[in-house]
$ cat input-v2.cif   # mmCIF, C-alpha atoms
data_upload
loop_
_atom_site.label_atom_id
_atom_site.label_comp_id
_atom_site.auth_asym_id
_atom_site.auth_seq_id
_atom_site.Cartn_x
_atom_site.Cartn_y
_atom_site.Cartn_z
CA MET A 287 0.00 0.00 0.00
CA ASN A 288 1.42 3.38 -0.98
CA ASN A 289 2.27 5.82 1.81
CA PRO A 290 0.29 9.10 1.22
CA PHE A 291 2.87 10.98 3.32
CA GLN A 292 5.92 9.79 1.38
CA HIS A 293 8.43 12.58 0.56
CA VAL A 294 8.83 13.65 -3.08
CA ARG A 295 12.25 13.41 -4.70
CA SER A 296 13.69 16.35 -6.64
CA GLY A 297 12.44 16.31 -10.24
CA GLU A 298 9.44 14.06 -9.59
CA PRO A 299 5.94 15.35 -10.46
CA LEU A 300 4.05 16.61 -7.42
CA GLN A 301 0.82 14.68 -6.84
CA ILE A 302 -0.72 15.26 -3.41
CA PRO A 303 -3.18 12.57 -2.24
CA ALA A 304 -6.38 13.92 -0.68
CA VAL A 305 -5.52 12.46 2.74
CA ALA A 306 -2.13 14.21 2.77
CA TYR A 307 -3.59 17.52 1.55
CA ASN A 308 -6.33 17.47 4.22
CA ALA A 309 -3.74 16.63 6.90
CA MET A 310 -1.66 19.67 5.87
CA LEU A 311 -4.75 21.92 6.11
CA ASP A 312 -5.56 20.53 9.57
CA ALA A 313 -1.98 21.12 10.73
CA ALA A 314 -1.99 24.69 9.40
CA GLN A 315 -5.32 25.44 11.10
CA ALA A 316 -4.09 23.99 14.39
CA HIS A 317 -0.94 26.13 14.21
CA ARG A 318 -3.03 29.24 13.51
CA ASN A 319 -5.33 28.50 16.43
CA ARG A 320 -2.37 28.13 18.80
CA ARG A 321 -1.03 31.52 17.73
CA ILE A 322 -4.42 33.17 18.24
CA ASN A 323 -5.02 31.51 21.62
CA HIS A 324 -1.61 32.56 22.93
CA ALA A 325 -1.76 36.14 21.69
CA PRO A 326 -2.28 38.83 24.35
CA HIS A 327 -5.94 39.85 24.32
CA GLY A 328 -7.10 43.41 24.86
CA SER A 329 -3.59 44.79 24.83
CA GLY A 330 -1.26 46.84 22.75
CA PHE A 331 0.50 45.74 19.59
CA GLY A 332 4.23 45.27 20.15
CA SER A 333 3.87 45.46 23.92
CA LEU A 334 6.04 43.60 26.42
CA PHE A 335 4.32 41.37 28.97
CA VAL A 336 5.74 39.82 32.12
CA HIS A 337 4.24 37.81 34.95
CA VAL A 338 3.30 39.58 38.18
CA VAL A 339 2.29 38.00 41.48
CA ASN A 340 -0.41 40.01 43.22
CA LYS A 341 1.08 41.04 46.57
CA SER A 342 -1.32 43.93 47.13
CA GLY A 343 -3.37 41.95 49.65
CA THR A 344 -6.61 42.56 47.72
CA PHE A 345 -8.40 41.33 44.61
CA LEU A 346 -7.29 43.31 41.54
CA ARG A 347 -9.10 43.66 38.25
CA LYS A 348 -7.89 43.64 34.67
CA PHE A 349 -6.20 46.97 33.80
CA ASP A 350 -5.51 47.81 37.47
CA VAL A 351 -2.10 49.28 38.35
CA VAL A 352 0.63 47.70 40.47
CA GLY A 353 4.02 49.01 41.52
CA LEU A 354 6.88 46.71 40.54
CA ASP A 355 8.67 45.74 43.76
CA GLY A 356 11.46 43.53 42.48
CA ALA A 357 11.61 39.87 41.48
CA ALA A 358 9.19 37.46 43.14
CA GLU A 359 11.80 34.67 43.12
CA THR A 360 15.20 35.47 44.62
CA ARG A 361 16.22 32.16 46.23
CA ASN A 362 15.85 29.68 43.35
CA LEU A 363 18.45 30.74 40.75
CA ASN A 364 17.14 28.44 37.99
CA GLU A 365 13.58 29.74 38.45
CA PHE A 366 14.90 33.32 38.43
CA LYS A 367 16.79 32.71 35.15
CA ASN A 368 13.95 30.97 33.32
CA ARG A 369 10.90 33.07 34.19
CA ILE A 370 10.36 36.78 34.80
CA VAL A 371 7.96 37.26 37.71
CA PHE A 372 7.66 40.59 39.56
CA ARG A 373 6.11 41.33 42.93
CA GLY A 374 3.12 43.58 42.22
CA VAL A 375 2.21 45.83 45.16
CA VAL A 376 0.03 48.85 45.90
CA PRO A 377 1.91 51.77 44.24
CA GLN A 378 3.93 54.06 46.49
CA LYS A 379 6.14 57.09 45.79
CA ARG A 380 9.13 54.85 45.00
CA HIS A 381 7.17 53.25 42.14
CA LYS A 382 6.89 56.38 39.98
CA GLY A 383 7.82 55.25 36.49
CA LYS A 384 8.05 51.60 37.70
CA PHE A 385 4.58 50.16 37.34
CA ALA A 386 2.64 47.57 35.35
CA ILE A 387 -0.93 47.33 34.04
CA LEU A 388 -2.56 43.97 34.72
CA GLN A 389 -3.99 42.11 31.73
CA GLU A 390 -6.12 39.72 33.84
CA ASP A 391 -8.07 39.71 37.11
CA ALA A 392 -5.87 38.63 40.02
CA SER A 393 -6.75 37.27 43.45
CA PRO A 394 -4.15 37.76 46.23
CA ASN A 395 -0.93 35.81 45.48
CA MET A 396 -2.16 34.90 41.98
CA VAL A 397 0.33 35.18 39.07
CA VAL A 398 -1.03 36.97 35.98
CA ARG A 399 0.25 38.73 32.87
CA ALA A 400 0.96 42.46 33.01
CA CYS A 401 2.11 45.10 30.52
CA VAL A 402 5.40 46.85 31.41
CA TYR A 403 6.22 48.34 27.99
CA GLY A 404 4.18 49.44 24.99
CA VAL A 405 0.50 50.26 24.51
CA THR A 406 -2.27 49.13 26.83
CA GLN A 407 -5.63 50.26 28.21
CA ALA A 408 -5.72 52.00 31.60
CA LYS A 409 -7.85 54.42 33.58
CA VAL A 410 -6.36 57.91 34.13
CA ARG A 411 -7.55 60.53 36.62
CA VAL A 412 -7.30 64.10 35.32
CA GLU A 413 -7.19 67.04 37.73
CA SER A 414 -9.38 69.30 35.59
CA SER A 415 -12.19 68.23 33.24
CA ASP A 416 -10.94 70.84 30.78
CA ASP A 417 -7.46 69.31 30.53
CA GLU A 418 -6.50 66.73 27.94
CA PRO A 419 -3.93 64.45 29.59
CA THR A 420 -0.67 63.87 27.72
CA PHE A 421 1.27 61.83 30.30
CA CYS A 422 0.43 59.83 33.42
CA ASP A 423 2.00 57.94 36.33
CA ILE A 424 1.02 56.11 39.50
CA ALA A 425 -1.16 57.62 42.22
CA GLU A 426 0.22 56.72 45.66
CA GLY A 427 -1.88 54.10 47.46
CA VAL A 428 -4.20 53.57 44.46
CA THR A 429 -4.50 50.54 42.17
CA ASP A 430 -7.55 51.31 40.01
CA HIS A 431 -6.16 54.30 38.08
CA LEU A 432 -3.16 56.39 37.12
CA VAL A 433 -2.96 60.17 37.48
CA SER A 434 -2.10 62.76 34.81
CA GLY A 435 1.33 64.38 34.97
CA SER A 436 4.66 62.97 33.83
CA GLY A 437 5.50 59.34 33.02
CA ALA A 438 3.74 57.15 30.43
CA GLU A 439 2.34 58.84 27.32
CA VAL A 440 -1.45 59.12 26.96
CA LEU A 441 -2.25 58.40 23.31
CA TRP A 442 -6.03 58.77 23.68
CA SER A 443 -8.62 59.27 26.43
CA ASP A 444 -12.41 59.23 26.29
CA MET A 445 -12.82 62.81 27.68
CA THR A 446 -16.09 61.94 29.43
CA SER A 447 -15.11 62.59 33.06
CA SER A 448 -12.14 63.18 35.34
CA TYR A 449 -11.60 59.37 35.45
CA ARG A 450 -10.97 58.46 31.82
CA TRP A 451 -10.44 55.18 30.07
CA SER A 452 -7.32 55.75 27.98
CA LEU A 453 -4.77 54.16 25.70
CA ILE A 454 -1.33 54.73 27.18
CA ARG A 455 2.20 53.95 26.02
CA ILE A 456 4.52 52.81 28.81
CA GLY A 457 8.19 53.49 28.16
CA GLY A 458 7.57 56.25 25.63
CA GLY A 459 10.12 58.58 27.21
CA GLY A 460 7.78 60.73 29.33
CA ARG A 461 8.08 64.45 29.89
CA SER A 462 11.52 64.06 31.47
CA SER A 463 12.94 63.86 27.91
CA LEU A 464 14.04 66.93 26.00
CA PHE A 465 12.09 67.83 22.89
CA PRO A 466 12.69 70.52 20.22
CA VAL A 467 10.56 73.68 20.09
CA LYS A 468 10.09 76.52 17.60
CA LEU A 469 10.01 80.11 18.86
CA ASN A 470 8.28 83.13 17.33
CA LYS A 471 8.85 86.57 18.84
CA THR A 472 5.69 88.11 20.35
CA GLY A 473 7.13 91.10 22.22
CA GLY A 474 9.98 92.62 24.20
CA GLU A 475 13.20 94.46 23.31
CA GLN A 476 16.63 93.41 22.11
CA GLY A 477 18.47 95.19 24.94
CA ASP A 478 21.61 97.35 24.69
CA ASP A 479 24.81 98.18 26.56
CA LYS A 480 22.80 99.43 29.53
CA SER A 481 19.73 97.15 29.66
CA VAL A 482 18.87 93.46 29.48
CA ALA A 483 16.95 92.03 26.52
CA SER A 484 13.29 91.13 27.18
CA TRP A 485 12.12 89.04 24.22
CA THR A 486 8.97 86.92 24.70
CA TYR A 487 7.86 84.08 22.46
CA LYS A 488 5.11 81.88 21.13
CA VAL A 489 6.39 78.33 21.71
CA THR A 490 5.35 75.41 19.49
CA ASP A 491 6.42 71.78 19.38
CA ALA A 492 8.87 71.48 16.47
CA LEU A 493 7.63 67.98 15.58
CA THR A 494 3.85 68.37 15.89
CA ASP A 495 3.32 72.18 15.62
CA GLU A 496 1.26 72.03 18.83
CA VAL A 497 1.17 75.44 20.52
CA LEU A 498 2.73 75.03 23.97
CA GLY A 499 2.70 78.63 25.21
CA GLU A 500 1.97 82.26 24.27
CA ASN A 501 4.05 85.29 25.28
CA VAL A 502 6.49 83.08 27.16
CA ASN A 503 9.34 84.80 29.00
CA PRO A 504 12.19 82.24 28.83
CA THR A 505 13.93 83.73 31.89
CA ALA A 506 10.87 83.58 34.19
CA SER A 507 10.25 80.58 36.48
CA PRO A 508 10.10 77.67 35.80
CA HIS A 509 12.19 78.32 32.66
CA GLN A 510 15.97 77.94 32.89
CA TRP A 511 17.33 80.27 30.17
CA ARG A 512 19.83 82.89 31.42
CA ARG A 513 20.62 85.99 29.35
CA PRO A 514 23.75 88.19 29.50
CA GLY A 515 23.38 91.16 31.83
CA ILE A 516 23.87 93.68 29.02
CA GLY A 517 24.10 93.69 25.25
CA ALA A 518 21.75 93.53 22.27
CA LEU A 519 20.36 90.03 21.60
CA ARG A 520 18.98 88.63 18.36
CA GLU A 521 15.66 86.90 19.02
CA ALA A 522 15.55 83.10 19.11
CA SER A 523 13.87 80.81 16.59
CA PHE A 524 14.62 77.39 18.11
CA GLY A 525 15.27 75.71 21.43
CA TYR A 526 14.92 72.64 23.65
CA ALA A 527 12.38 72.13 26.42
CA HIS A 528 11.03 69.51 28.83
CA ARG A 529 8.09 69.08 31.20
CA ASP A 530 8.57 69.24 34.97
CA LYS A 531 6.91 66.97 37.56
CA ASP A 532 3.77 69.15 37.41
CA ASP A 533 3.66 68.85 33.59
CA LYS A 534 4.66 72.52 33.14
CA LEU A 535 6.67 73.59 30.11
CA VAL A 536 10.32 74.42 30.90
CA LEU A 537 12.55 76.09 28.30
CA GLY A 538 16.13 74.98 28.95
CA TRP A 539 18.07 76.39 25.98
CA ILE A 540 17.14 78.77 23.14
CA ASN A 541 19.29 80.18 20.34
CA GLU A 542 19.32 83.86 21.31
CA THR A 543 22.70 85.32 20.31
CA LEU A 544 24.59 88.52 21.04
CA GLN A 545 24.75 91.06 18.20
CA LEU A 546 28.46 91.57 17.77
CA GLU A 547 30.03 94.18 15.50
CA LYS A 548 33.52 94.41 14.07
CA CYS A 549 35.73 96.87 15.97
CA ASP A 550 36.94 99.93 14.00
CA GLY A 551 40.69 100.15 13.36
#
$ encode --input "input-v2.cif" --output "structure tokens"
Amino acid sequence: MNNPFQHVRSGEPLQIPAVAYNAMLDAAQAHRNRRINHAPHGSGFGSLFVHVVNKSGTFLRKFDVVGLDGAAETRNLNEFKNRIVFRGVVPQKRHKGKFAILQEDASPNMVVRACVYGVTQAKVRVESSDDEPTFCDIAEGVTDHLVSGSGAEVLWSDMTSSYRWSLIRIGGGGRSSLFPVKLNKTGGEQGDDKSVASWTYKVTDALTDEVLGENVNPTASPHQWRRPGIGALREASFGYAHRDKDDKLVLGWINETLQLEKCDG
């Protein structure tokens, strides 16, 4: 009896028996199902997931927040090497920027998947209903939401209340990173040999053209630019900025330059 699964030699005509063809389709479908069943559900594309053991002492729901409090296994070296499991605790001040979003419900001491990098759903509390959150981080002592400020980037929020379901990107750099800005003069003077320059600017994000501030004095708090005490300054057109812990714009450097003239003789 011929074997329907016999390999074909190079140069031989390819004739696939029905039983072999159907078996290949079944194998392909089974492989596809395994990939679908093991894919992270309800979570961001390209995200990084680890296992977290719920050490909060309470039942936690999917998309709750835990502070990452080190590895759950520190005594068994082989277990530590072969599986990443964090201790997930109620967030405290030390967990700013070090948190995970659960991807499953978790009873106390239960191990579940959690997102530590990339895009995921989360709830974000916003201080003012008029504000559109751009970044968020942990709220001390709270597991059911994050709070707007610095930290993970908020890609979208539903804008319906001060507690907003959002899509956030963990590990996106946060407002602690410098970003380029464009400057357009709105007022002030260039200064001279007896007075300090006083230029003010409209500040826009150089990458998105989002307006970040109007009539901004780059030497006033919380900005960090320092001008010479005297001398005429050409106005700036470009600079670098960041956001502080309260999400306020801070200009760190701008390209104002002294107007220098060639000496006679």
$ resolve_selection --input "input-v2.cif" --expression "the PyMOL selection byres ((chain A and resi 391) around 7)" --output "MDAnalysis selection string"
chainID A and resid 346:348 390 392:393
$ resolve_selection --input "input-v2.cif" --expression "the PyMOL selection byres ((chain A and resi 519) around 12)" --output "number ranges by chain"
A: 474-479, 481-485, 513-518, 520-522, 540-546
$ write_last_selection --input "input-v2.cif" --atoms "C-alpha atoms" --output "PDB file, keeping the file's coordinate frame"
ATOM      1  CA  GLY A 474       9.980  92.620  24.200  1.00  0.00           C
ATOM      2  CA  GLU A 475      13.200  94.460  23.310  1.00  0.00           C
ATOM      3  CA  GLN A 476      16.630  93.410  22.110  1.00  0.00           C
ATOM      4  CA  GLY A 477      18.470  95.190  24.940  1.00  0.00           C
ATOM      5  CA  ASP A 478      21.610  97.350  24.690  1.00  0.00           C
ATOM      6  CA  ASP A 479      24.810  98.180  26.560  1.00  0.00           C
ATOM      7  CA  SER A 481      19.730  97.150  29.660  1.00  0.00           C
ATOM      8  CA  VAL A 482      18.870  93.460  29.480  1.00  0.00           C
ATOM      9  CA  ALA A 483      16.950  92.030  26.520  1.00  0.00           C
ATOM     10  CA  SER A 484      13.290  91.130  27.180  1.00  0.00           C
ATOM     11  CA  TRP A 485      12.120  89.040  24.220  1.00  0.00           C
ATOM     12  CA  ARG A 513      20.620  85.990  29.350  1.00  0.00           C
ATOM     13  CA  PRO A 514      23.750  88.190  29.500  1.00  0.00           C
ATOM     14  CA  GLY A 515      23.380  91.160  31.830  1.00  0.00           C
ATOM     15  CA  ILE A 516      23.870  93.680  29.020  1.00  0.00           C
ATOM     16  CA  GLY A 517      24.100  93.690  25.250  1.00  0.00           C
ATOM     17  CA  ALA A 518      21.750  93.530  22.270  1.00  0.00           C
ATOM     18  CA  ARG A 520      18.980  88.630  18.360  1.00  0.00           C
ATOM     19  CA  GLU A 521      15.660  86.900  19.020  1.00  0.00           C
ATOM     20  CA  ALA A 522      15.550  83.100  19.110  1.00  0.00           C
ATOM     21  CA  ILE A 540      17.140  78.770  23.140  1.00  0.00           C
ATOM     22  CA  ASN A 541      19.290  80.180  20.340  1.00  0.00           C
ATOM     23  CA  GLU A 542      19.320  83.860  21.310  1.00  0.00           C
ATOM     24  CA  THR A 543      22.700  85.320  20.310  1.00  0.00           C
ATOM     25  CA  LEU A 544      24.590  88.520  21.040  1.00  0.00           C
ATOM     26  CA  GLN A 545      24.750  91.060  18.200  1.00  0.00           C
ATOM     27  CA  LEU A 546      28.460  91.570  17.770  1.00  0.00           C
TER      28      LEU A 546
END
$ atom_distance --input "input-v2.cif" --atom1 "atom CA of A:Asp444" --atom2 "atom CA of A:Thr420"
12.7 Å
$ resolve_selection --input "input-v2.cif" --expression "the PyMOL selection byres ((chain A and resi 409) around 12)" --output "PDB file with C-alpha atoms, keeping the file's coordinate frame"
ATOM      1  CA  ARG A 347      -9.100  43.660  38.250  1.00  0.00           C
ATOM      2  CA  LYS A 348      -7.890  43.640  34.670  1.00  0.00           C
ATOM      3  CA  PHE A 349      -6.200  46.970  33.800  1.00  0.00           C
ATOM      4  CA  ASP A 350      -5.510  47.810  37.470  1.00  0.00           C
ATOM      5  CA  VAL A 351      -2.100  49.280  38.350  1.00  0.00           C
ATOM      6  CA  ILE A 387      -0.930  47.330  34.040  1.00  0.00           C
ATOM      7  CA  LEU A 388      -2.560  43.970  34.720  1.00  0.00           C
ATOM      8  CA  THR A 406      -2.270  49.130  26.830  1.00  0.00           C
ATOM      9  CA  GLN A 407      -5.630  50.260  28.210  1.00  0.00           C
ATOM     10  CA  ALA A 408      -5.720  52.000  31.600  1.00  0.00           C
ATOM     11  CA  VAL A 410      -6.360  57.910  34.130  1.00  0.00           C
ATOM     12  CA  ARG A 411      -7.550  60.530  36.620  1.00  0.00           C
ATOM     13  CA  VAL A 412      -7.300  64.100  35.320  1.00  0.00           C
ATOM     14  CA  PRO A 419      -3.930  64.450  29.590  1.00  0.00           C
ATOM     15  CA  CYS A 422       0.430  59.830  33.420  1.00  0.00           C
ATOM     16  CA  ASP A 423       2.000  57.940  36.330  1.00  0.00           C
ATOM     17  CA  ILE A 424       1.020  56.110  39.500  1.00  0.00           C
ATOM     18  CA  ALA A 425      -1.160  57.620  42.220  1.00  0.00           C
ATOM     19  CA  VAL A 428      -4.200  53.570  44.460  1.00  0.00           C
ATOM     20  CA  THR A 429      -4.500  50.540  42.170  1.00  0.00           C
ATOM     21  CA  ASP A 430      -7.550  51.310  40.010  1.00  0.00           C
ATOM     22  CA  HIS A 431      -6.160  54.300  38.080  1.00  0.00           C
ATOM     23  CA  LEU A 432      -3.160  56.390  37.120  1.00  0.00           C
ATOM     24  CA  VAL A 433      -2.960  60.170  37.480  1.00  0.00           C
ATOM     25  CA  SER A 434      -2.100  62.760  34.810  1.00  0.00           C
ATOM     26  CA  VAL A 440      -1.450  59.120  26.960  1.00  0.00           C
ATOM     27  CA  TRP A 442      -6.030  58.770  23.680  1.00  0.00           C
ATOM     28  CA  SER A 443      -8.620  59.270  26.430  1.00  0.00           C
ATOM     29  CA  ASP A 444     -12.410  59.230  26.290  1.00  0.00           C
ATOM     30  CA  MET A 445     -12.820  62.810  27.680  1.00  0.00           C
ATOM     31  CA  THR A 446     -16.090  61.940  29.430  1.00  0.00           C
ATOM     32  CA  SER A 447     -15.110  62.590  33.060  1.00  0.00           C
ATOM     33  CA  SER A 448     -12.140  63.180  35.340  1.00  0.00           C
ATOM     34  CA  TYR A 449     -11.600  59.370  35.450  1.00  0.00           C
ATOM     35  CA  ARG A 450     -10.970  58.460  31.820  1.00  0.00           C
ATOM     36  CA  TRP A 451     -10.440  55.180  30.070  1.00  0.00           C
ATOM     37  CA  SER A 452      -7.320  55.750  27.980  1.00  0.00           C
ATOM     38  CA  LEU A 453      -4.770  54.160  25.700  1.00  0.00           C
ATOM     39  CA  ILE A 454      -1.330  54.730  27.180  1.00  0.00           C
TER      40      ILE A 454
END
$ residues_around --input "input-v2.cif" --residues "stretch 374-384 of chain A" --least-positions-apart "4" --cutoff "7 Å" --atoms "all atoms listed in the file" --output "VMD selection string"
chain A and resid 338 to 342 352 to 355 423 to 429 437
$ write_last_selection --input "input-v2.cif" --atoms "C-alpha atoms" --output "tab-separated table (two decimals), keeping the file's coordinate frame"
chain	number	residue	atom	x	y	z
A	338	VAL	CA	3.30	39.58	38.18
A	339	VAL	CA	2.29	38.00	41.48
A	340	ASN	CA	-0.41	40.01	43.22
A	341	LYS	CA	1.08	41.04	46.57
A	342	SER	CA	-1.32	43.93	47.13
A	352	VAL	CA	0.63	47.70	40.47
A	353	GLY	CA	4.02	49.01	41.52
A	354	LEU	CA	6.88	46.71	40.54
A	355	ASP	CA	8.67	45.74	43.76
A	423	ASP	CA	2.00	57.94	36.33
A	424	ILE	CA	1.02	56.11	39.50
A	425	ALA	CA	-1.16	57.62	42.22
A	426	GLU	CA	0.22	56.72	45.66
A	427	GLY	CA	-1.88	54.10	47.46
A	428	VAL	CA	-4.20	53.57	44.46
A	429	THR	CA	-4.50	50.54	42.17
A	437	GLY	CA	5.50	59.34	33.02
$ closest_residue --input "input-v2.cif" --among "A:Val536, A:Gly525, A:Tyr487, A:Leu498" --to "A:Gln510" --atoms "all atoms listed in the file"
A:Val536
$ closest_residue --input "input-v2.cif" --among "A:Gly435, A:Gly343, A:Pro504, A:Pro303" --to "A:Val489" --atoms "all atoms listed in the file"
A:Pro504
$ axis_aligned_box --input "input-v2.cif" --around "stretch 465-475 of chain A" --padding-each-side "4 Å" --output "JSON"
{"center_x": 9.4, "center_y": 81.1, "center_z": 20.8, "size_x": 15.5, "size_y": 34.6, "size_z": 14.9}
$ closest_residue --input "input-v2.cif" --among "A:Asp495, A:His337, A:Ala400, A:Ala438" --to "A:Ile370" --atoms "all atoms listed in the file"
A:His337
$ residues_near_point --input "input-v2.cif" --point "(0.1, 42.6, 30.2)" --cutoff "7 Å" --atoms "all atoms listed in the file" --output "PyMOL selection string"
chain A and resi 329+335-336+387-389+399-402
$ atom_distance --input "input-v2.cif" --atom1 "atom CA of A:Asn470" --atom2 "atom CA of A:Arg512"
18.2 Å
$ decode --input "input-v2.cif" --residues "stretch 462-514 of chain A" --atoms "C-alpha atoms" --output "tab-separated table (two decimals), in the first residue's frame"
chain	number	residue	atom	x	y	z
A	462	SER	CA	11.52	64.06	31.47
A	463	SER	CA	12.94	63.86	27.91
A	464	LEU	CA	14.04	66.93	26.00
A	465	PHE	CA	12.09	67.83	22.89
A	466	PRO	CA	12.69	70.52	20.22
A	467	VAL	CA	10.56	73.68	20.09
A	468	LYS	CA	10.09	76.52	17.60
A	469	LEU	CA	10.01	80.11	18.86
A	470	ASN	CA	8.28	83.13	17.33
A	471	LYS	CA	8.85	86.57	18.84
A	472	THR	CA	5.69	88.11	20.35
A	473	GLY	CA	7.13	91.10	22.22
A	474	GLY	CA	9.98	92.62	24.20
A	475	GLU	CA	13.20	94.46	23.31
A	476	GLN	CA	16.63	93.41	22.11
A	477	GLY	CA	18.47	95.19	24.94
A	478	ASP	CA	21.61	97.35	24.69
A	479	ASP	CA	24.81	98.18	26.56
A	480	LYS	CA	22.80	99.43	29.53
A	481	SER	CA	19.73	97.15	29.66
A	482	VAL	CA	18.87	93.46	29.48
A	483	ALA	CA	16.95	92.03	26.52
A	484	SER	CA	13.29	91.13	27.18
A	485	TRP	CA	12.12	89.04	24.22
A	486	THR	CA	8.97	86.92	24.70
A	487	TYR	CA	7.86	84.08	22.46
A	488	LYS	CA	5.11	81.88	21.13
A	489	VAL	CA	6.39	78.33	21.71
A	490	THR	CA	5.35	75.41	19.49
A	491	ASP	CA	6.42	71.78	19.38
A	492	ALA	CA	8.87	71.48	16.47
A	493	LEU	CA	7.63	67.98	15.58
A	494	THR	CA	3.85	68.37	15.89
A	495	ASP	CA	3.32	72.18	15.62
A	496	GLU	CA	1.26	72.03	18.83
A	497	VAL	CA	1.17	75.44	20.52
A	498	LEU	CA	2.73	75.03	23.97
A	499	GLY	CA	2.70	78.63	25.21
A	500	GLU	CA	1.97	82.26	24.27
A	501	ASN	CA	4.05	85.29	25.28
A	502	VAL	CA	6.49	83.08	27.16
A	503	ASN	CA	9.34	84.80	29.00
A	504	PRO	CA	12.19	82.24	28.83
A	505	THR	CA	13.93	83.73	31.89
A	506	ALA	CA	10.87	83.58	34.19
A	507	SER	CA	10.25	80.58	36.48
A	508	PRO	CA	10.10	77.67	35.80
A	509	HIS	CA	12.19	78.32	32.66
A	510	GLN	CA	15.97	77.94	32.89
A	511	TRP	CA	17.33	80.27	30.17
A	512	ARG	CA	19.83	82.89	31.42
A	513	ARG	CA	20.62	85.99	29.35
A	514	PRO	CA	23.75	88.19	29.50
